[in-house]
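Undergrad: Take a look at final.csv, CSV, C-alpha atoms:
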chain,number,residue,atom,x,y,z
A,30,GLY,CA,137.0,118.1,37.8
A,31,GLU,CA,133.7,120.0,37.6
A,32,ASP,CA,135.0,123.4,36.7
A,33,VAL,CA,133.1,125.3,33.9
A,34,GLU,CA,134.9,128.5,33.0
A,35,GLN,CA,133.6,131.7,31.5
A,36,SER,CA,135.1,135.1,31.1
A,37,LEU,CA,133.6,137.4,33.8
A,38,PHE,CA,132.7,140.5,31.7
A,39,LEU,CA,131.8,141.5,28.2
A,40,SER,CA,130.9,145.0,27.0
A,41,VAL,CA,129.4,145.6,23.6
A,42,ARG,CA,127.7,148.5,21.7
A,43,GLU,CA,124.0,148.2,20.9
A,44,GLY,CA,123.5,146.6,17.5
A,45,ASP,CA,126.8,144.7,17.5
A,46,SER,CA,127.1,141.0,18.0
A,47,SER,CA,128.1,139.5,21.4
A,48,VAL,CA,130.0,136.3,21.8
A,49,ILE,CA,130.1,134.6,25.2
A,50,ASN,CA,132.5,131.7,25.6
A,51,CYS,CA,132.5,128.8,27.9
A,52,THR,CA,134.9,125.9,28.5
A,53,TYR,CA,133.5,122.8,30.2
A,54,THR,CA,135.2,119.7,31.6
A,55,ASP,CA,133.0,116.6,31.1
A,56,SER,CA,133.5,115.1,27.7
A,57,SER,CA,130.5,112.8,28.2
A,58,SER,CA,128.1,115.7,28.8
A,59,THR,CA,125.1,115.1,26.5
A,60,TYR,CA,123.4,118.4,26.9
A,61,LEU,CA,124.8,121.9,27.3
A,62,TYR,CA,122.7,124.9,28.2
A,63,TRP,CA,122.7,128.7,28.2
A,64,TYR,CA,120.8,130.5,30.9
A,65,LYS,CA,120.2,134.3,31.4
A,66,GLN,CA,119.9,136.0,34.7
A,67,GLU,CA,118.6,139.6,34.8
A,68,PRO,CA,119.3,141.7,37.9
A,69,GLY,CA,117.4,140.5,40.9
A,70,ALA,CA,115.7,137.8,38.9
A,71,GLY,CA,115.8,134.0,38.5
A,72,LEU,CA,117.4,132.0,35.7
A,73,GLN,CA,115.8,131.9,32.3
A,74,LEU,CA,116.6,129.1,29.9
A,75,LEU,CA,117.7,130.6,26.6
A,76,THR,CA,118.7,127.5,24.6
A,77,TYR,CA,120.4,124.2,24.8
A,78,ILE,CA,122.4,122.0,22.5
A,79,PHE,CA,122.7,118.3,22.2
A,80,SER,CA,126.3,117.0,22.1
A,81,ASN,CA,126.0,115.5,18.7
A,82,MET,CA,125.3,118.9,17.2
A,83,ASP,CA,127.9,121.5,16.2
A,84,MET,CA,125.5,124.4,15.9
A,85,LYS,CA,122.1,125.5,16.8
A,86,GLN,CA,120.3,128.7,15.8
A,87,ASP,CA,117.3,130.2,17.4
A,88,GLN,CA,116.4,133.7,16.2
A,89,ARG,CA,119.1,136.0,17.3
A,90,LEU,CA,120.9,133.3,19.2
A,91,THR,CA,123.6,131.0,17.8
A,92,VAL,CA,125.2,128.2,19.8
A,93,LEU,CA,128.4,126.7,18.7
A,94,LEU,CA,129.8,123.5,20.2
A,95,ASN,CA,133.4,122.3,19.7
A,96,LYS,CA,133.4,118.9,21.5
A,97,LYS,CA,137.1,118.3,20.8
A,98,ASP,CA,138.1,121.4,22.7
A,99,LYS,CA,135.1,121.2,25.1
A,100,HIS,CA,134.2,124.8,24.1
A,101,LEU,CA,130.7,126.2,23.9
A,102,SER,CA,129.8,129.7,22.7
A,103,LEU,CA,126.7,131.8,22.5
A,104,ARG,CA,126.4,134.5,19.9
A,105,ILE,CA,123.8,137.2,20.2
A,106,ALA,CA,123.1,139.0,17.0
A,107,ASP,CA,122.0,142.7,17.0
A,108,THR,CA,122.6,143.0,20.8
A,109,GLN,CA,120.0,145.2,22.5
A,110,THR,CA,120.1,147.0,25.9
A,111,GLY,CA,117.6,144.4,27.1
A,112,ASP,CA,120.2,141.7,26.6
A,113,SER,CA,122.2,143.1,29.5
A,114,ALA,CA,122.3,140.4,32.1
A,115,ILE,CA,124.5,137.6,33.4
A,116,TYR,CA,124.8,134.6,31.1
A,117,PHE,CA,125.5,131.1,32.5
A,118,CYS,CA,126.5,128.1,30.6
A,119,ALA,CA,125.8,124.7,32.2
A,120,GLU,CA,126.7,121.1,31.4
A,121,ARG,CA,124.8,118.0,32.5
A,122,PHE,CA,127.4,116.2,34.5
A,123,ASP,CA,128.1,112.5,33.7
A,124,ASN,CA,124.6,112.0,32.3
A,125,THR,CA,123.0,112.7,35.7
A,126,ASP,CA,120.4,115.3,36.6
A,127,LYS,CA,123.2,117.4,38.0
A,128,LEU,CA,123.9,120.7,36.2
A,129,ILE,CA,127.3,122.2,36.6
A,130,PHE,CA,127.1,126.0,36.0
A,131,GLY,CA,129.8,128.2,34.7
A,132,THR,CA,131.0,131.2,36.6
A,133,GLY,CA,128.7,133.5,34.6
A,134,THR,CA,129.5,136.3,32.1
A,135,ARG,CA,128.1,139.8,32.8
A,136,LEU,CA,127.1,141.3,29.5
A,137,GLN,CA,126.8,145.1,29.4
A,138,VAL,CA,125.3,146.7,26.4
A,139,PHE,CA,125.8,150.4,25.9
A,140,PRO,CA,124.0,152.7,23.4
B,231,ASP,CA,100.6,131.1,36.0
B,232,THR,CA,104.0,130.8,37.5
B,233,ALA,CA,105.6,127.5,36.6
B,234,VAL,CA,108.1,127.3,39.5
B,235,SER,CA,107.3,129.4,42.5
B,236,GLN,CA,109.2,130.0,45.8
B,237,THR,CA,108.2,131.6,49.1
B,238,PRO,CA,109.3,133.8,50.6
B,239,LYS,CA,111.1,136.0,48.0
B,240,TYR,CA,113.1,137.7,50.7
B,241,LEU,CA,114.1,136.4,54.1
B,242,VAL,CA,116.1,138.3,56.7
B,243,THR,CA,116.8,136.5,60.0
B,244,GLN,CA,119.3,136.3,62.8
B,245,MET,CA,122.0,133.8,63.3
B,246,GLY,CA,120.9,130.6,65.1
B,247,ASN,CA,117.3,130.7,63.9
B,248,ASP,CA,115.6,127.9,61.9
B,249,LYS,CA,113.8,128.8,58.7
B,250,SER,CA,112.1,127.2,55.8
B,251,ILE,CA,111.8,128.0,52.1
B,252,LYS,CA,109.0,126.6,50.1
B,253,CYS,CA,109.0,125.6,46.4
B,254,GLU,CA,106.1,124.5,44.2
B,255,GLN,CA,106.0,123.6,40.6
B,256,ASN,CA,102.8,123.2,38.5
B,257,LEU,CA,104.5,121.7,35.5
B,258,GLY,CA,103.9,118.1,36.4
B,259,HIS,CA,107.7,117.5,36.5
B,260,ASP,CA,109.2,114.5,38.3
B,261,THR,CA,112.4,116.0,39.5
B,262,MET,CA,113.0,119.1,41.7
B,263,TYR,CA,116.2,120.7,42.8
B,264,TRP,CA,117.7,123.3,45.2
B,265,TYR,CA,120.6,125.5,44.1
B,266,LYS,CA,122.6,128.0,46.1
B,267,GLN,CA,124.0,131.2,44.4
B,268,ASP,CA,126.6,133.0,46.5
B,269,SER,CA,127.5,136.7,46.5
B,270,LYS,CA,129.9,136.2,43.6
B,271,LYS,CA,127.0,134.7,41.5
B,272,PHE,CA,128.4,131.1,41.6
B,273,LEU,CA,125.6,128.6,41.3
B,274,LYS,CA,125.9,125.2,42.9
B,275,ILE,CA,123.5,122.3,43.2
B,276,MET,CA,122.6,121.3,46.7
B,277,PHE,CA,119.9,118.6,46.3
B,278,SER,CA,117.6,116.9,43.8
B,279,TYR,CA,114.6,114.8,44.4
B,280,ASN,CA,112.8,112.5,41.9
B,281,ASN,CA,109.3,111.5,42.8
B,282,LYS,CA,109.9,112.4,46.5
B,283,GLU,CA,113.2,110.4,46.6
B,284,LEU,CA,116.5,112.1,47.3
B,285,ILE,CA,118.8,111.6,44.2
B,286,ILE,CA,121.6,114.1,44.6
B,287,ASN,CA,123.0,115.3,47.9
B,288,GLU,CA,126.1,117.4,47.5
B,289,THR,CA,128.3,118.1,50.4
B,290,VAL,CA,125.9,120.4,52.2
B,291,PRO,CA,125.9,120.8,56.0
B,292,ASN,CA,123.3,118.6,57.6
B,293,ARG,CA,121.7,121.7,59.0
B,294,PHE,CA,120.1,121.8,55.5
B,295,SER,CA,117.2,119.3,55.1
B,296,PRO,CA,115.1,119.1,52.0
B,297,LYS,CA,111.6,117.8,52.4
B,298,SER,CA,109.3,116.7,49.6
B,299,PRO,CA,105.7,116.1,50.7
B,300,ASP,CA,104.7,115.3,47.2
B,301,LYS,CA,106.0,115.5,43.6
B,302,ALA,CA,105.0,119.1,43.2
B,303,HIS,CA,106.7,120.5,46.3
B,304,LEU,CA,110.3,120.5,47.6
B,305,ASN,CA,110.9,122.6,50.7
B,306,LEU,CA,114.2,123.5,52.2
B,307,HIS,CA,114.6,123.7,56.0
B,308,ILE,CA,117.7,125.2,57.5
B,309,ASN,CA,118.6,124.8,61.2
B,310,SER,CA,120.9,127.1,63.2
B,311,LEU,CA,121.4,129.6,60.4
B,312,GLU,CA,125.0,130.9,60.0
B,313,LEU,CA,126.2,134.1,58.4
B,314,GLY,CA,127.7,132.1,55.5
B,315,ASP,CA,124.2,130.8,54.6
B,316,SER,CA,123.4,134.2,53.2
B,317,ALA,CA,122.8,133.7,49.5
B,318,VAL,CA,120.1,133.3,46.9
B,319,TYR,CA,118.5,129.9,46.9
B,320,PHE,CA,116.9,128.7,43.6
B,321,CYS,CA,114.4,125.9,43.2
B,322,ALA,CA,114.2,124.2,39.8
B,323,SER,CA,112.3,121.3,38.2
B,324,SER,CA,112.6,119.1,35.2
B,325,GLN,CA,110.8,116.3,33.5
B,326,ASP,CA,112.5,113.1,32.3
B,327,GLU,CA,112.3,113.4,28.6
B,328,LEU,CA,114.3,113.0,25.4
B,329,GLY,CA,114.6,116.7,24.9
B,330,GLY,CA,117.3,117.4,27.4
B,331,GLU,CA,115.5,117.3,30.7
B,332,THR,CA,115.6,121.0,30.8
B,333,GLN,CA,115.6,122.6,34.2
B,334,TYR,CA,113.2,125.4,34.9
B,335,PHE,CA,114.1,127.8,37.7
B,336,GLY,CA,112.0,129.6,40.3
B,337,PRO,CA,112.6,133.4,40.9
B,338,GLY,CA,114.9,132.7,43.9
B,339,THR,CA,114.7,133.4,47.7
B,340,ARG,CA,117.2,136.0,48.9
B,341,LEU,CA,118.3,134.9,52.4
B,342,LEU,CA,120.2,137.3,54.6
B,343,VAL,CA,121.5,136.1,57.9
B,344,LEU,CA,122.5,138.9,60.4
Turn the structure described in the file into structure tokens.
TA:
Amino acid sequence: GEDVEQSLFLSVREGDSSVINCTYTDSSSTYLYWYKQEPGAGLQLLTYIFSNMDMKQDQRLTVLLNKKDKHLSLRIADTQTGDSAIYFCAERFDNTDKLIFGTGTRLQVFP
Amino acid sequence: DTAVSQTPKYLVTQMGNDKSIKCEQNLGHDTMYWYKQDSKKFLKIMFSYNNKELIINETVPNRFSPKSPDKAHLNLHINSLELGDSAVYFCASSQDELGGETQYFGPGTRLLVL
């Protein structure tokens, strides 16, 4: 199957950490991605991780990959109101150009 | 200096009409894509082209026809528009490379069929 699952909503207080989770299906996926979509806007690539890595850190963003459980997470440290958006994980399906997107997690940051 | 651009940004039209959405990328990428995002924000690939050749063609009605006049352009033509075609359509592009073939997205075209 090609289902990539995410929880639909996450609400955090400004300054706290946010963790957005994703479960994917294709164990042969070589790359997994996180995209951010602000209201009325397109998709912005945040980061990606290669499947032979367990963790990747990029400033406030930390990506964790558990290949055994096919679980990907995105941690945002010191979450700001500007981080409020929908976050999509995506896997490259079967080493093709095809990206399978998750259902998206709507992150709301309140003061 | 928009990397991936789409026109129009908004498109409101009546059922049965034929319309086109244009996409251009100035990144020198080899592959371009069309995605559809429905009202629940689900994103699904429709087509991909590599160097003007169709590579991916998901189960999309044949009312949708992509056209790639050159490597930098991938247009989407839709015949006999239906209410269910209302969605946001995103164009994207990527380059064959070892770094993950990251796809870069355009700003989207919001299509509303009345």
Undergrad: For chain B, which residue among A:Asp55, A:Asp45, A:Glu67, A:Asp87 is the nearest when counting all atoms listed in the file?
TA: A:Glu67
Undergrad: Output the contact residues of chain A with respect to chain B at a cut-off of 9 Å, based on all atoms listed in the file, as a list in words.
TA: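 Output check: Thr59, Tyr60, Leu61, Tyr62, Gly69, Ala70, Gly71, Leu72, Gln73, Leu74, Tyr77, Ile78, Phe79, Ile115, Asp126, Lys127, Leu128, Ile129, Phe130, Gly131, Thr132 and Gly133 of chain A.
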Undergrad: Step by step: start from the point (109.2, 142.4, 51.9) in the file's coordinates, keep every protein, DNA or RNA residue that has an atom no farther than 12 Å from it, count all atoms listed in the file, and write the set as a list in words.
TA: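 Here the neighbourhood of the point contains Thr237, Pro238, Lys239, Tyr240, Leu241, Val242, Thr339, Arg340 and Leu341 of chain B.
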Undergrad: Pick out the residues sitting within 10 Å of Leu257 of chain B, and hand them over as a count of residues only; count all atoms listed in the file, and ignore anything fewer than 3 positions along from it in its own chain.
TA: 10
Undergrad: Tell me which protein, DNA and RNA residues are within 12 Å of Met84 of chain A, counting all atoms listed in the file, leaving out same-chain ones fewer than 5 positions away, and put them as a list in words.
TA: Leu61, Thr76, Tyr77, Ile78, Phe79, Leu90, Thr91, Val92, Leu93, Leu94, Asn95, Lys96, His100, Leu101, Ser102, Leu103 and Arg104 of chain A
Undergrad: Smallest atom-to-atom distance to Asn256 of chain B: which of B:Leu284, B:Ser235, B:Thr289, B:Val343, using all atoms listed in the file?
TA: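 Closest to Asn256 of chain B of all the choices is B:Ser235.
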Undergrad: So the first atom is atom CA of Leu37 of chain A and the second is atom CA of Gln267 of chain B; what is the distance between them in Å, to one decimal place?
TA: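 Atom-to-atom, atom CA of Leu37 of chain A to atom CA of Gln267 of chain B, that is 15.6 Å.
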Undergrad: What lies within 12 Å of Gln109 of chain A using all atoms listed in the file, ignoring chain neighbours under 5 positions off, as a CSV table (one decimal) with C-alpha atoms, in the frame of the given file?
TA:
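Contents of result_37.csv, freshly written:
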chain,number,residue,atom,x,y,z
A,40,SER,CA,130.9,145.0,27.0
A,41,VAL,CA,129.4,145.6,23.6
A,42,ARG,CA,127.7,148.5,21.7
A,43,GLU,CA,124.0,148.2,20.9
A,44,GLY,CA,123.5,146.6,17.5
A,45,ASP,CA,126.8,144.7,17.5
A,46,SER,CA,127.1,141.0,18.0
A,47,SER,CA,128.1,139.5,21.4
A,89,ARG,CA,119.1,136.0,17.3
A,114,ALA,CA,122.3,140.4,32.1
A,136,LEU,CA,127.1,141.3,29.5
A,137,GLN,CA,126.8,145.1,29.4
A,138,VAL,CA,125.3,146.7,26.4
A,139,PHE,CA,125.8,150.4,25.9
A,140,PRO,CA,124.0,152.7,23.4
